[in-house]
$ cat entry.csv   # CSV, C-alpha atoms
chain,number,residue,atom,x,y,z
B,71,MET,CA,26.0,-42.3,68.6
B,72,ASP,CA,22.3,-43.2,67.7
B,73,VAL,CA,21.4,-46.4,65.8
B,74,VAL,CA,20.9,-44.7,62.4
B,75,SER,CA,24.2,-42.8,62.6
B,76,ARG,CA,26.1,-46.0,63.6
B,77,HIS,CA,24.7,-48.0,60.7
B,78,LEU,CA,25.4,-45.2,58.2
B,79,SER,CA,29.1,-45.3,59.1
B,80,SER,CA,29.3,-49.1,58.7
B,81,ASN,CA,28.2,-51.9,56.4
B,82,PHE,CA,27.0,-54.3,59.1
B,83,PRO,CA,23.4,-55.5,58.9
B,84,PRO,CA,21.0,-54.0,61.5
B,85,SER,CA,19.5,-56.2,64.2
B,86,LYS,CA,15.8,-56.7,64.6
B,87,THR,CA,15.7,-54.1,67.3
B,88,ASP,CA,17.7,-51.7,65.1
B,89,VAL,CA,15.3,-52.3,62.2
B,90,SER,CA,12.4,-51.3,64.3
B,91,SER,CA,14.2,-48.1,65.4
B,92,ILE,CA,15.2,-47.2,61.8
B,93,LYS,CA,11.6,-47.6,60.5
B,94,HIS,CA,10.4,-45.4,63.3
B,95,SER,CA,13.0,-42.8,62.2
B,96,ILE,CA,11.7,-43.0,58.6
B,97,ILE,CA,8.2,-42.3,59.7
B,98,LEU,CA,9.2,-39.3,61.7
B,99,ASN,CA,11.2,-38.0,58.7
B,100,ASP,CA,8.2,-38.4,56.4
B,101,ARG,CA,6.0,-36.4,58.8
B,102,LYS,CA,8.6,-33.6,58.8
B,103,LEU,CA,8.7,-33.7,55.0
B,104,LEU,CA,4.9,-33.4,54.8
B,105,LYS,CA,4.9,-30.5,57.1
B,106,ILE,CA,7.6,-28.7,55.2
B,107,GLN,CA,5.7,-29.4,51.9
B,108,GLN,CA,2.6,-27.9,53.4
B,109,GLU,CA,4.6,-24.8,54.3
B,110,ILE,CA,6.0,-24.6,50.8
B,111,ASP,CA,2.5,-24.8,49.3
B,112,GLU,CA,1.3,-22.0,51.6
B,113,HIS,CA,4.3,-19.8,50.7
B,114,HIS,CA,3.8,-20.6,47.0
B,115,ALA,CA,0.2,-19.5,47.1
B,116,GLU,CA,1.2,-16.4,48.9
B,117,LEU,CA,4.0,-15.8,46.3
B,118,LEU,CA,1.5,-16.1,43.5
B,119,LYS,CA,-0.7,-13.5,45.2
B,120,LEU,CA,2.3,-11.2,45.6
B,121,ARG,CA,3.3,-11.6,42.0
B,122,GLN,CA,-0.3,-10.9,40.8
B,123,ARG,CA,-0.4,-7.8,43.0
B,124,SER,CA,2.9,-6.7,41.6
B,125,ASN,CA,1.6,-7.1,38.0
B,126,GLU,CA,-1.5,-5.1,38.9
B,127,LEU,CA,0.7,-2.3,40.3
B,128,GLN,CA,2.9,-2.3,37.2
B,129,ILE,CA,-0.2,-1.9,35.0
B,130,ARG,CA,-1.5,0.8,37.2
B,131,LYS,CA,1.8,2.6,37.1
B,132,GLN,CA,1.8,2.4,33.2
B,133,SER,CA,-1.7,3.9,33.2
B,134,TYR,CA,-0.6,6.7,35.5
B,135,GLN,CA,2.5,7.3,33.3
B,136,GLY,CA,0.2,7.4,30.2
B,137,ILE,CA,-1.6,10.3,31.7
B,138,LEU,CA,1.7,12.2,31.7
B,139,SER,CA,2.5,11.1,28.1
B,140,PRO,CA,3.6,14.0,25.9
B,141,ILE,CA,1.1,13.0,23.2
B,142,ARG,CA,-1.7,14.1,25.5
B,143,ARG,CA,-0.3,17.6,25.3
B,144,LEU,CA,0.0,17.7,21.5
B,145,PRO,CA,-2.1,20.4,19.9
B,146,ILE,CA,-4.9,19.0,17.8
B,147,SER,CA,-3.4,20.4,14.7
B,148,ILE,CA,-0.2,18.4,15.1
B,149,LEU,CA,-2.1,15.3,16.1
B,150,SER,CA,-4.2,15.6,13.0
B,151,GLU,CA,-1.1,15.9,10.8
B,152,ILE,CA,0.4,12.8,12.4
B,153,PHE,CA,-2.8,10.9,11.6
B,154,ARG,CA,-2.8,12.3,8.0
B,155,VAL,CA,0.8,11.1,7.3
B,156,THR,CA,0.1,7.7,8.9
B,157,ILE,CA,-3.1,7.2,6.9
B,158,ASN,CA,-1.4,8.1,3.6
B,159,ALA,CA,1.4,5.7,4.3
B,160,SER,CA,-0.7,2.8,5.4
B,161,MET,CA,-4.0,3.2,3.5
B,162,SER,CA,-3.2,0.7,0.8
B,163,ASP,CA,-2.5,-2.0,3.3
B,164,ASP,CA,-5.4,-1.2,5.7
B,165,PRO,CA,-8.3,0.6,4.0
B,166,TRP,CA,-10.2,1.0,7.2
B,167,LEU,CA,-7.4,2.3,9.3
B,168,ASN,CA,-9.3,5.4,10.2
B,169,LEU,CA,-12.1,3.5,11.9
B,170,LYS,CA,-9.5,1.5,13.9
B,171,LEU,CA,-7.7,4.6,15.2
B,172,MET,CA,-11.0,6.2,16.2
B,173,GLY,CA,-11.5,3.4,18.7
B,174,VAL,CA,-8.3,4.2,20.7
B,175,CYS,CA,-9.8,6.9,22.9
B,176,GLN,CA,-12.4,9.7,23.0
B,177,LEU,CA,-9.8,12.3,22.1
B,178,TRP,CA,-8.7,10.5,19.0
B,179,ARG,CA,-12.3,9.9,18.0
B,180,ASN,CA,-13.2,13.6,18.3
B,181,THR,CA,-10.1,14.5,16.4
B,182,PHE,CA,-11.0,12.3,13.5
B,183,LEU,CA,-14.6,13.4,13.4
B,184,ASN,CA,-13.6,17.1,13.4
B,185,THR,CA,-10.8,16.8,10.8
B,186,PRO,CA,-12.3,16.4,7.3
B,187,VAL,CA,-8.9,16.0,5.7
B,188,LEU,CA,-8.4,12.6,7.4
B,189,TRP,CA,-11.4,11.3,5.4
B,190,THR,CA,-10.3,12.4,1.9
B,191,ALA,CA,-8.4,9.2,0.9
B,192,LEU,CA,-10.7,6.3,0.1
B,193,VAL,CA,-9.1,2.9,-0.9
B,194,LEU,CA,-11.3,-0.1,-1.6
B,195,PRO,CA,-10.1,-3.5,-0.4
B,196,LYS,CA,-8.3,-5.6,-2.9
B,197,SER,CA,-10.9,-8.4,-2.6
B,198,ILE,CA,-14.6,-7.7,-2.1
B,199,PRO,CA,-17.1,-10.6,-1.8
B,200,THR,CA,-20.6,-9.9,-3.1
B,201,GLU,CA,-22.1,-10.3,0.3
B,202,LYS,CA,-19.8,-7.5,1.6
B,203,VAL,CA,-20.5,-4.9,-1.1
B,204,ARG,CA,-23.2,-3.2,0.9
B,205,ASP,CA,-20.9,-2.9,3.9
B,206,VAL,CA,-18.2,-1.4,1.7
B,207,VAL,CA,-20.6,1.1,0.2
B,208,GLN,CA,-21.7,2.2,3.7
B,209,GLY,CA,-18.1,2.6,4.8
B,210,ALA,CA,-17.3,4.6,1.7
B,211,MET,CA,-20.3,6.9,2.2
B,212,GLN,CA,-19.1,7.5,5.8
B,213,TYR,CA,-15.7,8.6,4.4
B,214,ILE,CA,-17.3,10.9,1.8
B,215,ARG,CA,-19.7,12.5,4.3
B,216,ARG,CA,-17.0,13.2,6.8
B,217,SER,CA,-14.7,14.7,4.2
B,218,ARG,CA,-17.3,17.4,3.8
B,219,ALA,CA,-16.4,19.5,0.7
B,220,LEU,CA,-12.7,18.7,0.4
B,221,PRO,CA,-11.3,17.0,-2.8
B,222,LEU,CA,-11.1,13.2,-2.6
B,223,SER,CA,-8.4,10.6,-3.5
B,224,ILE,CA,-10.2,7.5,-4.7
B,225,SER,CA,-8.6,4.1,-5.3
B,226,LEU,CA,-10.9,1.6,-7.1
B,227,ASP,CA,-8.2,-0.9,-7.6
B,228,ALA,CA,-10.0,-4.0,-6.3
B,229,LEU,CA,-8.7,-6.9,-8.3
B,230,GLN,CA,-11.2,-9.5,-7.2
B,231,VAL,CA,-14.7,-8.0,-7.8
B,232,SER,CA,-17.3,-9.0,-10.3
B,233,ARG,CA,-18.5,-6.6,-13.0
B,234,GLN,CA,-21.9,-6.2,-11.4
B,235,ASP,CA,-20.4,-5.5,-8.0
B,236,ALA,CA,-18.0,-3.0,-9.6
B,237,ALA,CA,-21.0,-1.2,-11.2
B,238,ASP,CA,-22.8,-1.0,-7.9
B,239,LEU,CA,-19.8,0.3,-6.1
B,240,PHE,CA,-19.0,2.9,-8.8
B,241,SER,CA,-22.5,4.2,-8.9
B,242,CYS,CA,-22.9,4.4,-5.0
B,243,ILE,CA,-19.6,6.2,-4.4
B,244,LEU,CA,-20.9,9.7,-4.9
B,245,ALA,CA,-19.3,13.2,-4.9
B,246,LYS,CA,-17.6,12.5,-8.2
B,247,GLN,CA,-17.3,16.3,-8.7
B,248,ARG,CA,-14.7,16.2,-5.8
B,249,TRP,CA,-12.6,13.3,-7.1
B,250,LYS,CA,-9.0,14.7,-7.3
B,251,ASP,CA,-6.7,11.7,-7.5
B,252,VAL,CA,-8.1,8.5,-8.9
B,253,THR,CA,-6.7,5.0,-9.4
B,254,LEU,CA,-8.7,2.5,-11.4
B,255,SER,CA,-8.4,-1.1,-12.5
B,256,GLY,CA,-10.6,-3.9,-13.9
B,257,ALA,CA,-14.3,-3.1,-14.5
B,258,PHE,CA,-14.0,0.3,-12.8
B,259,VAL,CA,-12.1,1.5,-15.8
B,260,GLU,CA,-15.1,0.8,-18.0
B,261,PHE,CA,-17.6,2.7,-15.8
B,262,PHE,CA,-15.2,5.6,-15.4
B,263,LEU,CA,-14.7,6.1,-19.1
B,264,ALA,CA,-18.4,5.8,-19.7
B,265,ALA,CA,-19.0,8.6,-17.2
B,266,THR,CA,-16.5,10.8,-19.1
B,267,LYS,CA,-18.1,10.3,-22.5
B,268,PRO,CA,-20.7,13.0,-22.2
B,269,LEU,CA,-18.4,15.8,-23.2
B,270,GLU,CA,-18.9,19.1,-21.4
B,271,ASN,CA,-20.9,17.3,-18.8
B,272,SER,CA,-18.2,15.2,-17.2
B,273,PRO,CA,-18.5,15.3,-13.4
B,274,PHE,CA,-14.7,15.1,-12.9
B,275,LYS,CA,-14.0,18.8,-13.1
B,276,VAL,CA,-11.3,18.8,-10.4
B,277,LEU,CA,-9.6,15.6,-11.3
B,278,ARG,CA,-5.8,16.2,-11.2
B,279,SER,CA,-4.3,12.7,-11.3
B,280,LEU,CA,-5.5,9.6,-13.0
B,281,LYS,CA,-4.0,6.1,-12.9
B,282,ILE,CA,-5.5,3.4,-15.1
B,283,ARG,CA,-4.3,-0.2,-14.8
B,284,GLU,CA,-5.9,-3.0,-16.8
B,285,SER,CA,-6.4,-6.1,-14.6
B,286,PRO,CA,-5.2,-9.3,-16.2
B,287,THR,CA,-8.2,-11.1,-14.8
B,288,TYR,CA,-10.7,-8.7,-16.3
B,289,GLN,CA,-11.4,-9.7,-19.9
B,290,THR,CA,-14.3,-8.1,-21.8
B,291,ASN,CA,-14.7,-6.9,-25.4
B,292,TYR,CA,-14.6,-3.4,-23.9
B,293,LEU,CA,-10.9,-3.6,-23.2
B,294,ARG,CA,-9.8,-5.9,-26.1
B,295,GLY,CA,-8.5,-4.6,-29.4
B,296,ASN,CA,-8.2,-0.8,-29.8
B,297,TYR,CA,-8.3,1.0,-26.4
B,298,SER,CA,-10.2,4.3,-26.5
B,299,LEU,CA,-9.5,6.8,-23.8
B,300,GLN,CA,-11.6,10.0,-23.9
B,301,LEU,CA,-10.5,12.5,-21.3
B,302,THR,CA,-10.8,15.8,-23.1
B,303,ASP,CA,-13.2,17.4,-20.5
B,304,LEU,CA,-10.8,17.2,-17.6
B,305,PRO,CA,-9.5,20.8,-17.2
B,306,MET,CA,-7.4,20.1,-14.1
B,307,LEU,CA,-5.7,16.9,-15.2
B,308,SER,CA,-2.0,17.2,-14.8
B,309,SER,CA,-0.9,13.6,-14.2
B,310,LEU,CA,-1.8,10.5,-16.2
B,311,SER,CA,-0.7,6.9,-15.8
B,312,LEU,CA,-1.9,4.2,-18.3
B,313,GLU,CA,-0.9,0.5,-18.1
B,314,THR,CA,-2.6,-2.0,-20.3
B,315,ALA,CA,-1.7,-5.1,-22.2
B,316,SER,CA,-4.2,-4.3,-24.9
B,317,HIS,CA,-3.1,-2.8,-28.2
B,318,VAL,CA,-3.6,1.0,-28.0
B,319,ASN,CA,-4.1,3.1,-31.1
B,320,ILE,CA,-2.6,6.5,-30.6
B,321,ALA,CA,-5.5,8.0,-32.5
B,322,ALA,CA,-7.9,6.7,-29.9
B,323,LEU,CA,-6.2,8.7,-27.1
B,324,TYR,CA,-8.3,11.8,-26.6
B,325,VAL,CA,-6.2,13.2,-23.8
B,326,PRO,CA,-5.3,16.9,-23.0
B,327,PHE,CA,-1.6,16.1,-23.4
B,328,SER,CA,-0.6,19.8,-23.5
B,329,GLN,CA,-1.6,20.3,-19.9
B,330,LEU,CA,0.1,17.2,-18.5
B,331,LYS,CA,3.2,17.6,-16.2
B,332,CYS,CA,3.5,13.9,-15.3
B,333,LEU,CA,2.9,11.0,-17.8
B,334,SER,CA,3.4,7.3,-17.4
B,335,LEU,CA,2.5,5.0,-20.3
B,336,THR,CA,2.8,1.2,-20.6
B,337,ALA,CA,0.3,0.9,-23.4
B,338,LEU,CA,1.6,1.8,-26.8
B,339,SER,CA,3.2,-0.9,-29.0
B,340,ASN,CA,5.0,1.4,-31.5
B,341,THR,CA,8.1,3.3,-30.7
B,342,GLY,CA,7.2,6.2,-33.0
B,343,ASP,CA,3.9,6.6,-31.1
B,344,TYR,CA,5.8,7.5,-28.0
B,345,LEU,CA,7.7,10.1,-29.9
B,346,GLU,CA,4.4,11.6,-31.0
B,347,ILE,CA,3.1,11.7,-27.5
B,348,LEU,CA,6.2,13.6,-26.4
B,349,ARG,CA,5.6,16.1,-29.1
B,350,ALA,CA,2.1,16.7,-27.8
B,351,CYS,CA,3.4,17.3,-24.2
B,352,PRO,CA,5.4,20.6,-24.1
B,353,ASN,CA,4.9,21.0,-20.4
B,354,LEU,CA,5.9,17.6,-19.3
B,355,GLU,CA,8.2,17.4,-16.3
B,356,GLU,CA,8.2,13.7,-15.5
B,357,CYS,CA,7.9,10.9,-18.0
B,358,SER,CA,7.9,7.1,-17.9
B,359,PHE,CA,7.5,4.9,-21.0
B,360,ALA,CA,7.5,1.1,-21.3
B,361,ILE,CA,5.9,-1.7,-23.3
B,362,HIS,CA,3.9,-4.2,-21.5
B,363,PRO,CA,5.4,-7.8,-21.6
B,364,CYS,CA,2.2,-8.9,-23.4
B,365,GLY,CA,2.3,-5.9,-25.7
B,366,LYS,CA,5.7,-6.9,-27.1
B,367,LEU,CA,4.0,-9.5,-29.1
B,368,TYR,CA,2.4,-6.7,-31.1
B,369,CYS,CA,5.4,-4.4,-31.2
B,370,GLY,CA,5.5,-2.7,-34.5
B,371,THR,CA,8.4,-1.2,-36.4
B,372,LEU,CA,10.9,1.0,-34.7
B,373,ILE,CA,11.4,4.6,-35.8
B,374,ASN,CA,12.0,4.9,-39.5
B,375,THR,CA,15.7,5.7,-39.9
B,376,GLU,CA,15.4,6.4,-43.6
B,377,ASN,CA,12.9,9.1,-43.1
B,378,PRO,CA,13.5,10.1,-39.5
B,379,PRO,CA,11.0,12.4,-37.7
B,380,PRO,CA,12.0,15.8,-36.5
B,381,ASN,CA,13.5,16.2,-33.1
B,382,VAL,CA,11.2,16.7,-30.1
B,383,PHE,CA,12.0,19.6,-27.8
B,384,CYS,CA,11.1,18.9,-24.1
B,385,PRO,CA,12.0,22.2,-22.3
B,386,ASN,CA,10.7,21.2,-18.9
B,387,LEU,CA,11.5,17.5,-18.7
B,388,ARG,CA,13.5,16.7,-15.6
B,389,ARG,CA,12.9,13.0,-15.0
B,390,LEU,CA,12.8,10.3,-17.7
B,391,THR,CA,12.3,6.5,-17.3
B,392,LEU,CA,12.5,4.1,-20.2
B,393,GLY,CA,11.6,0.5,-19.7
B,394,SER,CA,11.8,-2.1,-22.4
B,395,ALA,CA,15.1,-0.4,-23.5
B,396,GLU,CA,15.5,-2.8,-26.4
B,397,TYR,CA,12.5,-1.1,-28.0
B,398,LEU,CA,12.4,2.4,-26.7
B,399,ILE,CA,16.0,3.6,-26.5
B,400,SER,CA,15.9,5.0,-30.0
B,401,LEU,CA,13.7,7.7,-28.7
B,402,LEU,CA,16.8,9.4,-27.2
B,403,LEU,CA,18.2,10.2,-30.7
B,404,PHE,CA,15.2,12.4,-31.4
B,405,MET,CA,14.8,14.1,-27.9
B,406,MET,CA,16.2,17.4,-26.7
B,407,ALA,CA,15.7,17.8,-22.9
B,408,PRO,CA,18.1,20.5,-21.6
B,409,ARG,CA,16.8,20.3,-18.0
B,410,LEU,CA,16.9,16.5,-17.7
B,411,GLU,CA,18.3,15.6,-14.2
B,412,ASP,CA,17.2,12.0,-13.6
B,413,PHE,CA,17.4,9.3,-16.3
B,414,THR,CA,16.6,5.6,-15.7
B,415,LEU,CA,16.9,2.9,-18.3
B,416,SER,CA,15.9,-0.8,-17.9
B,417,SER,CA,15.6,-3.9,-20.0
B,418,THR,CA,13.5,-6.9,-19.6
B,419,PHE,CA,15.7,-9.2,-21.6
B,420,GLN,CA,19.2,-8.4,-20.5
B,421,GLN,CA,21.1,-7.2,-17.5
B,422,LEU,CA,22.3,-3.7,-18.2
B,423,GLU,CA,25.7,-2.7,-16.9
B,424,GLU,CA,25.7,-0.5,-13.8
B,425,ASP,CA,28.2,2.1,-15.0
B,426,THR,CA,28.1,2.0,-18.8
B,427,ILE,CA,25.2,1.1,-21.0
B,428,ALA,CA,25.8,0.3,-24.7
B,429,VAL,CA,22.7,-0.6,-26.8
B,430,ASP,CA,22.7,-1.4,-30.5
B,431,MET,CA,20.4,1.2,-32.0
B,432,GLY,CA,20.0,-0.5,-35.4
B,433,LEU,CA,21.3,2.8,-36.9
B,434,ASP,CA,24.9,1.6,-37.5
B,435,GLN,CA,26.0,3.2,-34.3
B,436,GLU,CA,25.9,2.6,-30.6
B,437,LEU,CA,24.6,5.0,-27.9
B,438,LEU,CA,26.8,5.2,-24.8
B,439,PHE,CA,25.8,6.6,-21.4
B,440,PHE,CA,28.4,7.3,-18.8

$ encode --input "entry.csv" --output "structure tokens"
Amino acid sequence: MDVVSRHLSSNFPPSKTDVSSIKHSIILNDRKLLKIQQEIDEHHAELLKLRQRSNELQIRKQSYQGILSPIRRLPISILSEIFRVTINASMSDDPWLNLKLMGVCQLWRNTFLNTPVLWTALVLPKSIPTEKVRDVVQGAMQYIRRSRALPLSISLDALQVSRQDAADLFSCILAKQRWKDVTLSGAFVEFFLAATKPLENSPFKVLRSLKIRESPTYQTNYLRGNYSLQLTDLPMLSSLSLETASHVNIAALYVPFSQLKCLSLTALSNTGDYLEILRACPNLEECSFAIHPCGKLYCGTLINTENPPPNVFCPNLRRLTLGSAEYLISLLLFMMAPRLEDFTLSSTFQQLEEDTIAVDMGLDQELLFF
């Protein structure tokens, strides 16, 4: 038994000779540890190289598999349709999605450049600093140029833009004769209505859908008080949405109601006015009426029950939505809609029951829906 083993199995103190021998054994052990650590370091470096090589091969494999991807074999027509659906679903969140998708590969770039329908939807960013107006205009002009002669869907719904910047943007976005679906808010409403005032010379001859939303942050004398809307020279208009907190005089609405199929109004402050609007829309298929929360401060009298108006016949109405039920539900007493399929009623002041709705009509009766 060597000296170290003998002392490990006992508690006797080592002699001077044994101490020297044990110290020598420690030195030899340290040398072996150093050598093993060097081997570990060498193998670790080699392991890192092997892992790096493995990662490179994995990336190369994915690249090779990408060559065999089914999307490469898609016909251009199907690929274009996928892009169209994607853009329509995401454009409001990312106005420049087209430009990003073009950068994926040469095939996608060529597909975009050769498919005008992918450039027919133009949505301005919600916030446009003055120093970025020129860039936005250039981007918009690219869209319009690449759409060629197709009808355009334009959304000028930028909530944070000055009046002067809005004027510059509106004047620079050309091809107004191709505007088909338009969404407006803030100062853009003012410039659009100004462009429609020259009757018989309005550039918006193919405008089919118009949505106007008054921005709470946009306050000018133009939108205060009586709101005038002149849209008589829009022969293709079939859908109109108007949301404003300003008081709207029904006599100031110069709209081709008879040709509308879809109408959404959150603008009038008198229940009887909504009934008159319905009377002027014999072809209406979808309808949504409400009173803006600010407009309730100016809410006039309800329908005169002592001298009730004649019933309104809505032969094509299939979908009806009434917000602000505490004000507008009395409309139902004077409406005849034999084809109505979908009816939604909501209230801003009370929680309506899910299965049964009972609303006091102010007519000594209650109207029940089951």

$ residues_around --input "entry.csv" --residues "range 234-247 of chain B" --least-positions-apart "3" --cutoff "7 Å" --atoms "only C-alpha atoms" --output "MDAnalysis selection string"
chainID B and resid 200 203 207 210:211 231 257:258 261 273:276

$ residues_around --input "entry.csv" --residues "range 251-256 of chain B" --least-positions-apart "6" --cutoff "7 Å" --atoms "all atoms listed in the file" --output "list of chain:residue names"
B:Leu222, B:Ser223, B:Ile224, B:Ser225, B:Leu226, B:Asp227, B:Leu229, B:Leu277, B:Arg278, B:Ser279, B:Leu280, B:Lys281, B:Ile282, B:Arg283, B:Glu284, B:Ser285, B:Tyr288

$ residues_near_point --input "entry.csv" --point "(-6.9, 20.5, 15.9)" --cutoff "12 Å" --atoms "all atoms listed in the file" --output "PyMOL selection string"
chain B and resi 143-153+177-178+180-188

$ closest_residue --input "entry.csv" --among "B:Phe359, B:Trp166, B:Tyr213, B:Phe82" --to "Ala337 in chain B" --atoms "all atoms listed in the file"
B:Phe359

$ residues_around --input "entry.csv" --residues "Leu403 in chain B" --least-positions-apart "2" --cutoff "10 Å" --atoms "all atoms listed in the file" --output "ChimeraX atom specification"
/B:378,381-382,399-401,405-406,431,437

$ atom_distance --input "entry.csv" --atom1 "CA of Ile141 in chain B" --atom2 "CA of Ser160 in chain B"
20.6 Å

$ atom_distance --input "entry.csv" --atom1 "CA of Phe383 in chain B" --atom2 "CA of Leu333 in chain B"
16.0 Å

$ residues_around --input "entry.csv" --residues "Asp412 in chain B" --least-positions-apart "2" --cutoff "12 Å" --atoms "only C-alpha atoms" --output "ChimeraX atom specification"
/B:355-358,387-392,407-410,414-415

$ atom_distance --input "entry.csv" --atom1 "CA of Leu354 in chain B" --atom2 "CA of Lys331 in chain B"
4.1 Å

$ decode --input "entry.csv" --residues "range 120-131 of chain B" --atoms "C-alpha atoms" --output "mmCIF file, in the first residue's frame"
data_model
loop_
_atom_site.group_PDB
_atom_site.id
_atom_site.type_symbol
_atom_site.label_atom_id
_atom_site.label_comp_id
_atom_site.auth_asym_id
_atom_site.auth_seq_id
_atom_site.Cartn_x
_atom_site.Cartn_y
_atom_site.Cartn_z
ATOM 1 C CA LEU B 120 -18.827 20.769 -35.651
ATOM 2 C CA ARG B 121 -21.936 22.537 -34.343
ATOM 3 C CA GLN B 122 -21.312 25.518 -36.611
ATOM 4 C CA ARG B 123 -20.886 23.184 -39.535
ATOM 5 C CA SER B 124 -24.087 21.392 -38.569
ATOM 6 C CA ASN B 125 -26.022 24.677 -38.480
ATOM 7 C CA GLU B 126 -24.684 25.647 -41.890
ATOM 8 C CA LEU B 127 -25.799 22.317 -43.310
ATOM 9 C CA GLN B 128 -29.255 22.750 -41.754
ATOM 10 C CA ILE B 129 -29.603 26.186 -43.349
ATOM 11 C CA ARG B 130 -28.423 24.810 -46.681
ATOM 12 C CA LYS B 131 -30.923 21.965 -46.381
#
